[in-house]
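Colleague: Data: entry.cif, mmCIF, C-alpha atoms.
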data_my_file
loop_
_atom_site.label_atom_id
_atom_site.label_comp_id
_atom_site.auth_asym_id
_atom_site.auth_seq_id
_atom_site.Cartn_x
_atom_site.Cartn_y
_atom_site.Cartn_z
CA MET A 1 -41.88 -94.63 165.10
CA GLU A 2 -40.48 -91.34 166.33
CA LYS A 3 -42.11 -87.94 166.64
CA ARG A 4 -40.97 -85.10 164.42
CA GLN A 5 -40.86 -81.41 165.23
CA LEU A 6 -43.27 -79.23 163.25
CA GLY A 7 -41.06 -76.45 161.97
CA THR A 8 -39.38 -74.80 164.95
CA THR A 9 -42.46 -75.09 167.16
CA ASP A 10 -43.01 -77.01 170.38
CA LEU A 11 -45.37 -79.31 168.49
CA HIS A 12 -44.12 -82.84 167.89
CA VAL A 13 -46.11 -85.21 165.70
CA TYR A 14 -45.86 -88.74 164.43
CA PRO A 15 -45.18 -88.78 160.66
CA ILE A 16 -48.75 -89.18 159.41
CA THR A 17 -51.42 -86.47 159.56
CA PHE A 18 -55.05 -87.55 159.32
CA GLY A 19 -56.93 -85.46 156.76
CA GLY A 20 -60.37 -84.43 157.99
CA ASN A 21 -61.74 -83.56 154.55
CA VAL A 22 -63.69 -86.85 154.48
CA PHE A 23 -65.64 -86.06 157.68
CA GLY A 24 -69.17 -85.07 156.80
CA TRP A 25 -68.52 -85.87 153.15
CA THR A 26 -67.79 -89.52 152.38
CA ILE A 27 -68.19 -90.71 155.98
CA ASP A 28 -70.70 -89.72 158.64
CA GLU A 29 -70.01 -88.86 162.27
CA LYS A 30 -70.24 -92.44 163.55
CA LYS A 31 -67.74 -93.73 160.99
CA SER A 32 -65.52 -90.68 161.54
CA PHE A 33 -65.35 -91.48 165.26
CA GLU A 34 -64.41 -95.07 164.47
CA ILE A 35 -61.59 -93.98 162.15
CA LEU A 36 -60.29 -91.34 164.57
CA ASP A 37 -60.34 -93.81 167.45
CA ALA A 38 -58.33 -96.30 165.39
CA PHE A 39 -55.88 -93.63 164.20
CA THR A 40 -55.13 -92.30 167.67
CA GLY A 41 -55.33 -95.80 169.12
CA ALA A 42 -52.39 -96.70 166.87
CA GLY A 43 -50.40 -93.90 168.50
CA PHE A 44 -50.82 -91.07 165.99
CA ASN A 45 -51.65 -87.57 167.23
CA PHE A 46 -52.05 -85.05 164.36
CA ILE A 47 -55.38 -84.16 162.71
CA ASP A 48 -55.81 -81.58 159.95
CA THR A 49 -59.04 -79.96 158.83
CA ALA A 50 -60.37 -76.62 157.52
CA ASP A 51 -63.38 -74.43 158.17
CA VAL A 52 -64.60 -75.05 154.61
CA TYR A 53 -64.67 -78.86 154.95
CA SER A 54 -66.98 -80.25 153.59
CA ARG A 55 -68.99 -77.43 152.00
CA TRP A 56 -68.82 -79.04 148.55
CA LYS A 57 -71.22 -81.82 149.48
CA PRO A 58 -74.83 -80.92 148.54
CA GLY A 59 -76.68 -79.75 151.63
CA ASN A 60 -73.52 -78.83 153.54
CA GLU A 61 -72.55 -75.31 154.55
CA GLY A 62 -68.95 -75.84 155.64
CA GLY A 63 -67.78 -76.54 159.16
CA GLU A 64 -69.04 -80.13 159.14
CA SER A 65 -65.56 -81.62 159.60
CA GLU A 66 -64.65 -79.31 162.49
CA THR A 67 -67.99 -80.08 164.14
CA ILE A 68 -67.40 -83.84 163.95
CA ILE A 69 -63.87 -83.47 165.33
CA GLY A 70 -65.21 -81.25 168.12
CA ASN A 71 -67.84 -83.83 169.06
CA TRP A 72 -65.17 -86.54 169.04
CA LEU A 73 -62.87 -84.51 171.29
CA LYS A 74 -65.72 -83.87 173.71
CA LYS A 75 -66.72 -87.54 173.77
CA ASN A 76 -63.17 -88.83 174.33
CA LYS A 77 -61.98 -85.97 176.57
CA ASN A 78 -58.60 -86.22 174.82
CA ARG A 79 -57.97 -82.66 173.61
CA ASN A 80 -54.54 -82.47 175.22
CA GLU A 81 -53.44 -85.73 173.60
CA VAL A 82 -53.92 -84.60 170.00
CA ILE A 83 -52.67 -81.75 167.84
CA ILE A 84 -55.40 -80.01 165.86
CA ALA A 85 -54.73 -78.01 162.70
CA THR A 86 -57.38 -76.08 160.81
CA LYS A 87 -57.43 -73.42 158.10
CA VAL A 88 -59.02 -70.09 157.23
CA GLY A 89 -59.50 -68.17 154.01
CA SER A 90 -61.62 -70.41 151.78
CA ASP A 91 -64.97 -69.24 150.47
CA LEU A 92 -67.73 -70.24 152.89
CA GLY A 93 -70.39 -68.26 151.02
CA ASN A 94 -72.23 -65.10 152.06
CA GLY A 95 -69.03 -63.10 151.83
CA LYS A 96 -67.21 -65.29 154.34
CA LYS A 97 -63.74 -65.62 152.84
CA GLY A 98 -60.31 -64.05 152.66
CA LEU A 99 -57.58 -62.99 155.06
CA ALA A 100 -58.68 -59.61 156.36
CA LYS A 101 -57.99 -59.17 160.07
CA LYS A 102 -61.61 -58.73 161.09
CA TYR A 103 -62.64 -61.83 159.16
CA ILE A 104 -59.83 -64.02 160.52
CA LEU A 105 -60.66 -63.09 164.12
CA GLN A 106 -64.31 -64.05 163.62
CA ALA A 107 -63.49 -67.19 161.62
CA ALA A 108 -61.16 -68.36 164.39
CA GLU A 109 -63.94 -67.93 166.97
CA ASP A 110 -66.28 -69.96 164.76
CA SER A 111 -63.69 -72.74 164.36
CA LEU A 112 -63.01 -72.82 168.11
CA LYS A 113 -66.72 -73.17 168.77
CA ARG A 114 -67.15 -76.01 166.29
CA LEU A 115 -64.04 -77.77 167.58
CA GLN A 116 -65.24 -77.27 171.18
CA THR A 117 -61.78 -76.16 172.29
CA ASP A 118 -60.14 -73.01 173.59
CA HIS A 119 -57.13 -73.16 171.28
CA ILE A 120 -56.03 -74.25 167.82
CA ASP A 121 -52.55 -75.78 167.71
CA LEU A 122 -51.83 -74.85 164.09
CA TYR A 123 -53.93 -72.22 162.30
CA GLN A 124 -53.24 -72.07 158.58
CA THR A 125 -53.79 -69.67 155.71
CA HIS A 126 -55.75 -71.89 153.32
CA PHE A 127 -55.54 -69.77 150.16
CA ASP A 128 -53.88 -66.48 149.37
CA ASP A 129 -55.82 -63.21 149.45
CA GLU A 130 -53.88 -60.61 147.47
CA SER A 131 -56.48 -57.94 148.26
CA THR A 132 -55.37 -57.94 151.91
CA PRO A 133 -51.92 -56.70 152.95
CA ILE A 134 -49.75 -59.48 154.32
CA GLU A 135 -49.08 -57.39 157.45
CA GLU A 136 -52.81 -57.25 158.22
CA THR A 137 -53.17 -61.02 158.00
CA LEU A 138 -50.14 -61.61 160.21
CA GLU A 139 -51.38 -59.01 162.72
CA ALA A 140 -54.61 -61.00 163.05
CA TYR A 141 -52.61 -64.13 163.79
CA ALA A 142 -50.46 -62.21 166.27
CA GLN A 143 -53.56 -61.16 168.18
CA LEU A 144 -54.92 -64.70 168.25
CA ILE A 145 -51.58 -66.02 169.52
CA LYS A 146 -51.41 -63.30 172.18
CA GLU A 147 -54.93 -64.23 173.31
CA GLY A 148 -53.95 -67.90 173.56
CA LYS A 149 -56.47 -68.97 170.93
CA VAL A 150 -53.81 -70.08 168.43
CA ARG A 151 -50.42 -71.61 169.22
CA HIS A 152 -48.69 -71.49 165.83
CA ILE A 153 -49.47 -70.58 162.22
CA GLY A 154 -48.90 -72.22 158.87
CA ALA A 155 -49.77 -71.67 155.23
CA SER A 156 -51.04 -73.60 152.25
CA ASN A 157 -51.27 -72.90 148.53
CA LEU A 158 -49.11 -69.77 148.51
CA SER A 159 -46.79 -69.10 145.58
CA PRO A 160 -43.06 -69.20 146.32
CA ASN A 161 -42.87 -65.41 146.07
CA ARG A 162 -45.80 -64.82 148.42
CA LEU A 163 -44.48 -67.32 150.96
CA LYS A 164 -41.03 -65.69 150.84
CA GLU A 165 -42.56 -62.23 151.18
CA SER A 166 -44.70 -63.34 154.13
CA LEU A 167 -41.67 -64.71 155.96
CA GLU A 168 -39.66 -61.54 155.28
CA ILE A 169 -42.45 -59.22 156.45
CA ALA A 170 -42.97 -61.27 159.60
CA ALA A 171 -39.28 -61.20 160.45
CA ALA A 172 -38.95 -57.47 159.75
CA ASN A 173 -41.98 -56.50 161.83
CA GLY A 174 -41.83 -58.90 164.74
CA LEU A 175 -44.94 -60.72 163.55
CA PRO A 176 -45.57 -64.48 163.75
CA LEU A 177 -43.70 -66.58 161.22
CA TYR A 178 -45.37 -69.34 159.26
CA GLN A 179 -43.99 -72.55 160.77
CA THR A 180 -45.45 -75.02 158.30
CA PHE A 181 -46.41 -75.24 154.66
CA GLN A 182 -49.06 -77.47 153.15
CA PRO A 183 -48.50 -78.19 149.44
CA GLU A 184 -49.94 -80.67 146.99
CA TYR A 185 -47.13 -83.19 146.75
CA ASN A 186 -46.86 -86.89 145.98
CA LEU A 187 -45.00 -89.30 143.72
CA TYR A 188 -47.02 -88.10 140.73
CA GLU A 189 -47.21 -84.35 141.48
CA ARG A 190 -43.59 -83.47 142.15
CA GLU A 191 -42.40 -80.74 139.84
CA LYS A 192 -44.25 -77.71 141.22
CA PHE A 193 -43.20 -78.32 144.83
CA GLU A 194 -39.65 -79.46 144.23
CA ASN A 195 -38.84 -76.61 141.82
CA GLY A 196 -40.41 -73.80 143.78
CA ILE A 197 -41.48 -74.22 147.39
CA GLU A 198 -39.30 -77.07 148.66
CA PRO A 199 -36.03 -75.07 148.77
CA LEU A 200 -37.86 -72.30 150.66
CA CYS A 201 -39.26 -74.77 153.17
CA LEU A 202 -35.86 -76.37 153.76
CA GLY A 203 -34.12 -73.00 153.98
CA ASN A 204 -36.59 -71.64 156.53
CA ASN A 205 -37.10 -74.80 158.63
CA LEU A 206 -40.76 -75.05 157.68
CA GLY A 207 -42.56 -78.28 158.52
CA VAL A 208 -44.15 -79.71 155.38
CA ILE A 209 -47.50 -81.48 155.62
CA THR A 210 -48.43 -82.61 152.13
CA TYR A 211 -51.99 -82.88 150.84
CA PHE A 212 -53.21 -85.24 148.11
CA SER A 213 -50.36 -87.44 149.39
CA LEU A 214 -51.80 -90.40 147.47
CA ALA A 215 -52.91 -88.33 144.47
CA SER A 216 -56.55 -88.62 145.56
CA GLY A 217 -56.21 -92.41 145.56
CA PHE A 218 -54.35 -92.98 142.29
CA LEU A 219 -51.21 -94.12 144.13
CA THR A 220 -53.16 -96.82 145.96
CA GLY A 221 -53.30 -98.69 142.66
CA LYS A 222 -57.08 -98.86 142.87
CA TYR A 223 -57.56 -96.88 139.67
CA ARG A 224 -55.90 -98.44 136.63
CA THR A 225 -58.60 -98.37 133.94
CA LYS A 226 -61.53 -96.11 133.09
CA ALA A 227 -63.81 -98.81 134.49
CA ASP A 228 -62.28 -98.14 137.90
CA LEU A 229 -63.26 -94.46 137.99
CA GLY A 230 -66.62 -95.10 139.64
CA LYS A 231 -65.08 -96.83 142.66
CA SER A 232 -65.35 -93.76 144.87
CA ALA A 233 -66.46 -90.12 145.06
CA ARG A 234 -62.90 -89.13 144.16
CA GLY A 235 -62.71 -91.12 140.95
CA GLY A 236 -64.04 -88.35 138.72
CA ASP A 237 -60.86 -86.86 137.27
CA MET A 238 -58.56 -89.74 138.12
CA ASP A 239 -57.94 -90.48 134.45
CA LYS A 240 -55.66 -87.42 134.25
CA HIS A 241 -53.05 -89.78 135.71
CA PHE A 242 -53.65 -92.39 133.01
CA ASN A 243 -50.52 -91.77 130.97
CA ASP A 244 -47.13 -93.40 130.45
CA ARG A 245 -45.59 -91.70 133.48
CA GLY A 246 -48.56 -92.55 135.72
CA PHE A 247 -48.45 -96.22 134.80
CA LYS A 248 -44.66 -96.25 135.17
CA ILE A 249 -45.09 -95.00 138.74
CA LEU A 250 -47.69 -97.68 139.50
CA ALA A 251 -45.37 -100.36 138.10
CA ALA A 252 -42.58 -99.17 140.40
CA LEU A 253 -44.94 -99.14 143.38
CA ASP A 254 -46.07 -102.66 142.51
CA GLU A 255 -42.45 -103.83 142.31
CA VAL A 256 -41.43 -102.36 145.67
CA SER A 257 -44.68 -103.51 147.29
CA LYS A 258 -44.03 -107.07 146.22
CA THR A 259 -40.47 -106.97 147.57
CA LEU A 260 -41.62 -105.59 150.92
CA ASN A 261 -44.81 -107.64 151.12
CA SER A 262 -46.70 -104.38 151.36
CA ASN A 263 -49.07 -102.37 149.13
CA PRO A 264 -48.76 -99.32 146.84
CA ALA A 265 -50.39 -96.86 149.28
CA THR A 266 -48.02 -97.75 152.12
CA VAL A 267 -44.99 -97.58 149.83
CA ALA A 268 -46.02 -94.24 148.29
CA LEU A 269 -46.41 -92.74 151.77
CA ALA A 270 -43.10 -94.19 152.92
CA TRP A 271 -41.40 -92.44 149.98
CA LEU A 272 -42.92 -89.13 151.12
CA ILE A 273 -42.00 -89.68 154.76
CA HIS A 274 -38.36 -90.19 153.73
CA ARG A 275 -38.20 -86.91 151.75
CA PRO A 276 -35.91 -84.54 153.69
CA SER A 277 -38.46 -81.71 153.48
CA VAL A 278 -41.57 -83.64 154.54
CA THR A 279 -42.67 -83.83 158.18
CA ALA A 280 -46.01 -85.64 158.11
CA PRO A 281 -48.01 -86.37 154.94
CA ILE A 282 -51.75 -85.76 155.21
CA VAL A 283 -53.83 -88.81 154.32
CA SER A 284 -57.51 -89.65 154.62
CA ALA A 285 -59.24 -92.98 155.07
CA THR A 286 -62.87 -94.00 154.93
CA SER A 287 -62.44 -97.51 156.31
CA ILE A 288 -60.29 -99.32 158.86
CA GLU A 289 -58.79 -101.35 156.01
CA GLN A 290 -57.60 -98.16 154.28
CA LEU A 291 -56.30 -96.82 157.58
CA GLN A 292 -54.13 -99.91 158.07
CA SER A 293 -52.26 -99.17 154.83
CA ILE A 294 -51.66 -95.62 156.04
CA ILE A 295 -50.43 -96.30 159.54
CA GLN A 296 -47.97 -98.97 158.38
CA ALA A 297 -46.00 -96.44 156.31
CA PRO A 298 -43.75 -94.93 159.02
CA ASP A 299 -42.40 -98.35 160.01
CA LEU A 300 -42.03 -99.79 156.50
CA ALA A 301 -38.52 -101.18 156.06
CA ILE A 302 -37.97 -99.42 152.73
CA THR A 303 -34.35 -99.22 151.58
CA ALA A 304 -32.42 -96.34 150.05
CA HIS A 305 -32.27 -98.34 146.81
CA GLU A 306 -36.06 -98.70 146.72
CA ILE A 307 -36.56 -95.01 147.48
CA GLU A 308 -34.17 -94.13 144.65
CA LEU A 309 -36.03 -96.48 142.27
CA LEU A 310 -39.31 -94.71 143.05
CA THR A 311 -37.65 -91.30 142.66
CA GLN A 312 -36.22 -92.23 139.27
CA GLU A 313 -39.37 -93.89 137.94
CA SER A 314 -41.51 -90.89 138.95
CA ALA A 315 -39.16 -88.30 137.42
CA TRP A 316 -41.02 -85.75 135.30
#
In structure tokens, what does this structure look like?

Modeller:
Amino acid sequence: MEKRQLGTTDLHVYPITFGGNVFGWTIDEKKSFEILDAFTGAGFNFIDTADVYSRWKPGNEGGESETIIGNWLKKNKNRNEVIIATKVGSDLGNGKKGLAKKYILQAAEDSLKRLQTDHIDLYQTHFDDESTPIEETLEAYAQLIKEGKVRHIGASNLSPNRLKESLEIAAANGLPLYQTFQPEYNLYEREKFENGIEPLCLGNNLGVITYFSLASGFLTGKYRTKADLGKSARGGDMDKHFNDRGFKILAALDEVSKTLNSNPATVALAWLIHRPSVTAPIVSATSIEQLQSIIQAPDLAITAHEIELLTQESAW
């Protein structure tokens, strides 16, 4: 397992990113510590979260995931051994949202406090804010970088045009360039990324860290009938994948899994890891058993033929 460079930064990560959206949502702090210990104990070093995680859970306000990660970092005294990515821009309620300079500067301070650190390795635009000039947003990031509070910046959920415009404005004005992009991308959801953003990412040397890398669990093979939908908190809209193409993808995953003596989740992640544009897929786990499937993906002996089979069977 070799490290990969994130964009053109000095950050080098192993090719799996742990997704902190589950912290404070489907697993509590104790379980989160256990999972993080196992993830880093296996040699991985990249953790992604956001200030809004996990506001959607009743009783939460947002910031729960960052707080748990911060407590874990303090307990283990391992801040310099891991790369921490978080995001800004989502709606935290009470007017706390967007990409205005004043808001970003305050939101960054709040994230730093929750994470109990003096710097964020990768600070990402979570969602676009068309009411704020791109220059203003990038100027906020420039200030944070100058102050040493942020090392590099990335983006998520921007349209191809807005990402292209952001890169052009940064280059023209000597402002920080987005170094990474975080799209929804997996064997099932391919068309939007491959037709729009992927060429931009490849052309601008952006590191790609995919979210919903297992299609919220569909690509694990756990959800195959409507009776399976109640298996987890994420099962709610899983049946949108229940169509001929979805089942064709699962059949291909089953076939390759059997050949490699593996499982669908590991194979689906291995396919992503071997995409030329992808640096480190983001994946979550709520148990050590789930984590094992994830961390086996980088070393899976998948062949070019098997990758091509998956690519063909998942064609849209």

Colleague: Decode the PyMOL selection byres ((chain A and resi 268) around 9) for the given file into explicit residues and return them as a list in words.

Modeller: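 With the shown file as input, the PyMOL selection byres ((chain A and resi 268) around 9) matches Asn186, Leu187, Ser213, Leu214, Leu219, Thr220, Leu253, Asn263, Pro264, Ala265, Thr266, Val267, Leu269, Ala270, Trp271, Leu272, Ile273, Ala297 and Leu310 of chain A.
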
Colleague: Report as a Markdown table: every residue of segment 136-235 of chain A with an atom at most 12 Å from segment 98-101 of chain A, its closest pair of atoms, and their distance in Å to one decimal, counting all atoms listed in the file, with rows sorted by chain and ascending residue number.

Modeller:
| residue | atom | partner | partner_atom | distance |
| --- | --- | --- | --- | --- |
| A:Glu136 | CA | A:Lys101 | CA | 5.8 |
| A:Thr137 | CA | A:Lys101 | CA | 5.6 |
| A:Leu138 | CA | A:Lys101 | CA | 8.2 |
| A:Glu139 | CA | A:Lys101 | CA | 7.1 |
| A:Ala140 | CA | A:Lys101 | CA | 4.9 |
| A:Tyr141 | CA | A:Lys101 | CA | 8.2 |
| A:Ala142 | CA | A:Lys101 | CA | 10.2 |
| A:Gln143 | CA | A:Lys101 | CA | 9.5 |
| A:Leu144 | CA | A:Lys101 | CA | 10.3 |
| A:Ala155 | CA | A:Leu99 | CA | 11.7 |

Colleague: Show me, as a short mmCIF file (atom, residue, chain, number, x, y, z; two decimals) with C-alpha atoms, in the coordinates of the input, the residues that have an atom within 12 Å of Ile197 of chain A when counting all atoms listed in the file, minus same-chain residues fewer than 5 positions from it.

Modeller:
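Written out: selection_15.cif:
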data_model
loop_
_atom_site.label_atom_id
_atom_site.label_comp_id
_atom_site.auth_asym_id
_atom_site.auth_seq_id
_atom_site.Cartn_x
_atom_site.Cartn_y
_atom_site.Cartn_z
CA ALA A 155 -49.77 -71.67 155.23
CA SER A 156 -51.04 -73.60 152.25
CA ASN A 157 -51.27 -72.90 148.53
CA LEU A 158 -49.11 -69.77 148.51
CA SER A 159 -46.79 -69.10 145.58
CA PRO A 160 -43.06 -69.20 146.32
CA ASN A 161 -42.87 -65.41 146.07
CA ARG A 162 -45.80 -64.82 148.42
CA LEU A 163 -44.48 -67.32 150.96
CA LYS A 164 -41.03 -65.69 150.84
CA THR A 180 -45.45 -75.02 158.30
CA PHE A 181 -46.41 -75.24 154.66
CA GLN A 182 -49.06 -77.47 153.15
CA PRO A 183 -48.50 -78.19 149.44
CA GLU A 184 -49.94 -80.67 146.99
CA TYR A 185 -47.13 -83.19 146.75
CA ARG A 190 -43.59 -83.47 142.15
CA GLU A 191 -42.40 -80.74 139.84
CA LYS A 192 -44.25 -77.71 141.22
CA LEU A 202 -35.86 -76.37 153.76
CA GLY A 203 -34.12 -73.00 153.98
CA ASN A 204 -36.59 -71.64 156.53
CA LEU A 206 -40.76 -75.05 157.68
CA GLY A 207 -42.56 -78.28 158.52
CA VAL A 208 -44.15 -79.71 155.38
CA THR A 210 -48.43 -82.61 152.13
CA SER A 277 -38.46 -81.71 153.48
CA VAL A 278 -41.57 -83.64 154.54
#

Colleague: Quick one: distance from atom CA of Ala252 of chain A to atom CA of Arg4 of chain A in Å, one decimal?

Modeller: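 One can read the atom CA of Ala252 of chain A to atom CA of Arg4 of chain A distance as 27.9 Å.
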
Colleague: Using the chain letters and numbers from this file, what does the PyMOL selection byres ((chain A and resi 287-293) around 12) select? Give the answer as a PyMOL selection string.

Modeller: chain A and resi 16-19+22-23+26-28+30-42+44+214+217+219-220+222+257+261-270+283-286+294-300

Colleague: Report, in Å to a single decimal, how far apart atom CA of Phe212 of chain A and atom CA of Phe247 of chain A are.

Modeller: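 So the two atoms, atom CA of Phe247 of chain A and atom CA of Phe212 of chain A, lie 17.9 Å apart.
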
Colleague: Expressed in Å to a single decimal, how great is the separation between atom CA of Glu165 of chain A and atom CA of Leu200 of chain A?

Modeller: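 These atoms are spaced 11.1 Å apart.
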
Colleague: Could you check the closest approach to Val52 of chain A for each of A:Thr67, A:Thr303, A:Thr117, A:Thr9 and tell me which residue wins, using all atoms listed in the file?

Modeller: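 Between A:Thr67, A:Thr303, A:Thr117, A:Thr9, the residue approaching Val52 of chain A most closely is A:Thr67.
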
Colleague: Just so the selection is clear, what residues does the PyMOL selection byres ((chain A and resi 80) around 12) cover here, as a list in words?

Modeller: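 Applying the PyMOL selection byres ((chain A and resi 80) around 12) to the structure shown produces Leu11, Asn45, Phe46, Leu73, Lys74, Asn76, Lys77, Asn78, Arg79, Glu81, Val82, Ile83, Ile84, Thr117, Asp118, His119, Ile120 and Asp121 of chain A.
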
Colleague: I need the residues from that last selection saved to file as an mmCIF file, in the coordinates of the input (with C-alpha atoms), if you can.

Modeller:
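Result file out29.cif:
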data_model
loop_
_atom_site.group_PDB
_atom_site.id
_atom_site.type_symbol
_atom_site.label_atom_id
_atom_site.label_comp_id
_atom_site.auth_asym_id
_atom_site.auth_seq_id
_atom_site.Cartn_x
_atom_site.Cartn_y
_atom_site.Cartn_z
ATOM 1 C CA LEU A 11 -45.370 -79.310 168.490
ATOM 2 C CA ASN A 45 -51.650 -87.570 167.230
ATOM 3 C CA PHE A 46 -52.050 -85.050 164.360
ATOM 4 C CA LEU A 73 -62.870 -84.510 171.290
ATOM 5 C CA LYS A 74 -65.720 -83.870 173.710
ATOM 6 C CA ASN A 76 -63.170 -88.830 174.330
ATOM 7 C CA LYS A 77 -61.980 -85.970 176.570
ATOM 8 C CA ASN A 78 -58.600 -86.220 174.820
ATOM 9 C CA ARG A 79 -57.970 -82.660 173.610
ATOM 10 C CA GLU A 81 -53.440 -85.730 173.600
ATOM 11 C CA VAL A 82 -53.920 -84.600 170.000
ATOM 12 C CA ILE A 83 -52.670 -81.750 167.840
ATOM 13 C CA ILE A 84 -55.400 -80.010 165.860
ATOM 14 C CA THR A 117 -61.780 -76.160 172.290
ATOM 15 C CA ASP A 118 -60.140 -73.010 173.590
ATOM 16 C CA HIS A 119 -57.130 -73.160 171.280
ATOM 17 C CA ILE A 120 -56.030 -74.250 167.820
ATOM 18 C CA ASP A 121 -52.550 -75.780 167.710
#

Colleague: Could segment 253-266 of chain A be completed with N, CA, C and O atoms and returned as a PDB file, in the coordinates of the input?

Modeller:
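Wrote it out as part.pdb, contents follow:
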ATOM      1  N   LEU A 253     -44.296 -98.886 142.089  1.00  0.00           N
ATOM      2  CA  LEU A 253     -44.940 -99.140 143.380  1.00  0.00           C
ATOM      3  C   LEU A 253     -45.273-100.615 143.544  1.00  0.00           C
ATOM      4  O   LEU A 253     -45.093-101.197 144.622  1.00  0.00           O
ATOM      5  N   ASP A 254     -45.755-101.222 142.470  1.00  0.00           N
ATOM      6  CA  ASP A 254     -46.070-102.660 142.510  1.00  0.00           C
ATOM      7  C   ASP A 254     -44.803-103.475 142.800  1.00  0.00           C
ATOM      8  O   ASP A 254     -44.822-104.417 143.605  1.00  0.00           O
ATOM      9  N   GLU A 255     -43.714-103.100 142.149  1.00  0.00           N
ATOM     10  CA  GLU A 255     -42.450-103.830 142.310  1.00  0.00           C
ATOM     11  C   GLU A 255     -41.943-103.746 143.749  1.00  0.00           C
ATOM     12  O   GLU A 255     -41.584-104.765 144.366  1.00  0.00           O
ATOM     13  N   VAL A 256     -41.924-102.535 144.293  1.00  0.00           N
ATOM     14  CA  VAL A 256     -41.430-102.360 145.670  1.00  0.00           C
ATOM     15  C   VAL A 256     -42.391-103.004 146.668  1.00  0.00           C
ATOM     16  O   VAL A 256     -41.960-103.621 147.649  1.00  0.00           O
ATOM     17  N   SER A 257     -43.683-102.891 146.393  1.00  0.00           N
ATOM     18  CA  SER A 257     -44.680-103.510 147.290  1.00  0.00           C
ATOM     19  C   SER A 257     -44.483-105.008 147.383  1.00  0.00           C
ATOM     20  O   SER A 257     -44.567-105.595 148.473  1.00  0.00           O
ATOM     21  N   LYS A 258     -44.226-105.622 146.243  1.00  0.00           N
ATOM     22  CA  LYS A 258     -44.030-107.070 146.220  1.00  0.00           C
ATOM     23  C   LYS A 258     -42.790-107.462 147.016  1.00  0.00           C
ATOM     24  O   LYS A 258     -42.813-108.414 147.805  1.00  0.00           O
ATOM     25  N   THR A 259     -41.720-106.694 146.847  1.00  0.00           N
ATOM     26  CA  THR A 259     -40.470-106.970 147.570  1.00  0.00           C
ATOM     27  C   THR A 259     -40.662-106.869 149.073  1.00  0.00           C
ATOM     28  O   THR A 259     -40.123-107.672 149.845  1.00  0.00           O
ATOM     29  N   LEU A 260     -41.447-105.864 149.488  1.00  0.00           N
ATOM     30  CA  LEU A 260     -41.620-105.590 150.920  1.00  0.00           C
ATOM     31  C   LEU A 260     -42.861-106.260 151.509  1.00  0.00           C
ATOM     32  O   LEU A 260     -43.168-106.047 152.690  1.00  0.00           O
ATOM     33  N   ASN A 261     -43.560-107.020 150.672  1.00  0.00           N
ATOM     34  CA  ASN A 261     -44.810-107.640 151.120  1.00  0.00           C
ATOM     35  C   ASN A 261     -45.755-106.581 151.686  1.00  0.00           C
ATOM     36  O   ASN A 261     -46.325-106.728 152.773  1.00  0.00           O
ATOM     37  N   SER A 262     -45.890-105.511 150.924  1.00  0.00           N
ATOM     38  CA  SER A 262     -46.700-104.380 151.360  1.00  0.00           C
ATOM     39  C   SER A 262     -47.732-104.054 150.283  1.00  0.00           C
ATOM     40  O   SER A 262     -48.199-104.953 149.579  1.00  0.00           O
ATOM     41  N   ASN A 263     -48.097-102.798 150.146  1.00  0.00           N
ATOM     42  CA  ASN A 263     -49.070-102.370 149.130  1.00  0.00           C
ATOM     43  C   ASN A 263     -48.685-101.000 148.614  1.00  0.00           C
ATOM     44  O   ASN A 263     -47.923-100.269 149.277  1.00  0.00           O
ATOM     45  N   PRO A 264     -49.187-100.594 147.444  1.00  0.00           N
ATOM     46  CA  PRO A 264     -48.760 -99.320 146.840  1.00  0.00           C
ATOM     47  C   PRO A 264     -48.991 -98.099 147.727  1.00  0.00           C
ATOM     48  O   PRO A 264     -48.139 -97.210 147.778  1.00  0.00           O
ATOM     49  N   ALA A 265     -50.110 -98.039 148.446  1.00  0.00           N
ATOM     50  CA  ALA A 265     -50.390 -96.860 149.280  1.00  0.00           C
ATOM     51  C   ALA A 265     -49.332 -96.711 150.368  1.00  0.00           C
ATOM     52  O   ALA A 265     -48.806 -95.610 150.598  1.00  0.00           O
ATOM     53  N   THR A 266     -49.013 -97.789 151.048  1.00  0.00           N
ATOM     54  CA  THR A 266     -48.020 -97.750 152.120  1.00  0.00           C
ATOM     55  C   THR A 266     -46.660 -97.335 151.572  1.00  0.00           C
ATOM     56  O   THR A 266     -45.961 -96.508 152.169  1.00  0.00           O
TER      57      THR A 266
END
